[in-house]
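Let me begin by presenting the structure, written as structure tokens, before commenting on it.
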Amino acid sequence: MGKSVSEGAYSGTIKSPGAKKKLVEKVNPDDLIRLYPTPESTRCKFCMRKETSCLTEGDRPSLVTYKVLIKALINQKLFNIIHPIISKLKVNGMKPDLIFYHAVIKAFSESGNMDKAMKTFREMKESGIEPTTTTFRLLSLCYINEGKNEESVNLLELMSKEGHVEPDLRTCNLLITAFCSMNNITEAWNVVDKMVISGLKPDAFTYNTIAAAYARNRDAKRGEEVIFKMRDNNVETYQVTCGSIIKGYCTEGKMKNALSFVYKMKDLGLQPNQIIFNSLIKRLLDVNDSDGIDEVIKLMEEYRVKPDVITFSTIMNSWSNAGDMDKCRAIFDDMVNAGIKPDYRAYCILAKVYMRAGKPDKAQELLAPMIKLGIQLKNKVIFTTLITGWCLTGRMDNALYVFKKMGQDGLPPELQNFELLIWGFGEAQPPWRAE
């Protein structure tokens with residue numbers, strides 16, 4: 001039996017990039033092929049399965065063996081070995097089939113080497129194997145993943161020139177996604193028209209992608225029109241798409257349209273969720289529309305959507321920015337009374353409003369309940385807020401205490417923290433402490 005190059009050195013999945021590199025440098029195609037069993041036996045360790053027999057020096061691997069090998073190399077992301085394996089296959093007088101070429105194209109595309117993927121595509125055609133819809137879909141997806149949307153669009157034209165290859169629904173949706181990400185919605189509709197002409201029926205994904213693209217491009221009204229066109233054609237509308245339309249209206253500052261669309265969601269048989277309501281509340285707070293906020297709260301009650309910590313934190317932050325400590329604290333208490341556990345951000349917002357009101361002692365009192373609730377003091381925000389508050393009131397011993405506690409909790413101070421202390425000591429008139 002031929003001795004395996006990995007004998008006693010490899011078993012299972014290669015996880016270390018360094019180990020992969022060493023394996024690539026160590027293994028040559030002949031040795032690597034001998035790691036694989038004959039088609040009639042069980043796959044070897046390199047495939048992460050039980051090894052019962054390996055190829056001997058005189059064995060000739062079959063095309064199945066090469067396919068198994070290519071698949072394993074793809075799984076292990078050992079792309080550099082693939083090309084020598086293909087050369088070895090041809091030397092052995094074998095003719096790769098369509099499935100083999102698809103595996104190789106996928107391997108090169110996943111490694112980010114589209115030039116070799118396209119070279120393999122051309123070699124496939126030159127060998128007399130006609131590309132299929134799957135071939136073009138693999139190449140299109142690779143281009144899209146690399147952000148080369150125009151190249152993926154060119155493939156559609158190439159498919160048309162092939163004559164016998166017609167794009168399927170998945171391929172068309174990939175192209176529509178590419179056009180929409182390029183903000184070229186007109187071309188996306190052209191793809192839809194070609195789909196209809198070729199007998200393909202656009203599905204929910206098709207229309208939802210275009211509707212969301214309109215919303216992102218500050219044209220939520222057109223997106224809404226697409227939504228109701230879908231309803232008239234009995235095409236399912238996604239909740240996330242409706243959320244995109246509402247967010248689009250919020251971005252455009254058209255809050256009446258956004259609220260109106262929430263009511264229309266009921267006609268579409270869809271339930272607004274917390275994300276949608278939180279987006280509305282945030283934007284209404286930005287424009288100081290208290291009546292609109294009250295309307296959203298009533299809608300949440302109507303749809304039986306409970307406010308979450310994000311809802312309360314958003315409202316708290318608005319009152320904090322307005323400098324209204326009492327209302328900010330009242331919202332915080334409402335959240336606790338509703339059985340919702342405050343998170344780190346909620347406490348930071350409350351600490352900030354206390355600091356602005358000149359009450360750093362109340363801000364510092366928040367640390368104890370945070371620790372009691374198991375909230376990790378995971379960043380420097382609340383500590384920086386406390387240091388700022390103590391420095392503003394000239395109570396530098398307290399500021400220095402918070403500074404030291406931050407270090408004790410495993411958070412190394414930043415330049416901003418030192419600058420605050422230096423400024424505070426300078427203002428408090430012991431300049432030697434600042435020095």
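Quick note on naming: the chains in the structure tokens go A, B, ... in the order shown, residues restart at 1 in each chain, and ligands are numbered from 1 in order of appearance.
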
* To do: Give me the residues within 9 Å of Ile275 of chain A as a PyMOL selection string, counting only C-alpha atoms and dropping any in the same chain fewer than 2 places off.
  => chain A and resi 243+272-273+277-280+310-311

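By chain and then residue number, the residues within 9 Å of segment 111-123 of chain A are A:Lys77, A:Leu78, A:Phe79, A:Tyr101, A:His102, A:Val104, A:Ile105, A:Lys106, A:Ala107, A:Ser127, A:Gly128, A:Ile129, A:Pro131, A:Thr135, A:Leu139, A:Cys142, A:Tyr143, A:Glu146, counting only C-alpha atoms and disregarding those fewer than 4 positions away in sequence.
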
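Of the listed residues A:Leu420, A:Leu63, A:Leu411, A:Ile210, the one whose atoms come nearest to Lys95 of chain A is A:Leu63, with distances taken using only C-alpha atoms.
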
* **12 Å contact set for Asn184 of chain A, only C-alpha atoms, chain neighbours under 4 positions out, as a ChimeraX atom specification** => /A:149-150,153,175-180,188-191,210,213-214,216-217

* Give the alpha helix (DSSP H) residues of segment 207-333 of chain A, as DSSP finds them on the backbone, and put them as an MDAnalysis selection string. => chainID A and resid 207:216 220:232 239:252 255:267 274:286 290:302 309:321 325:333
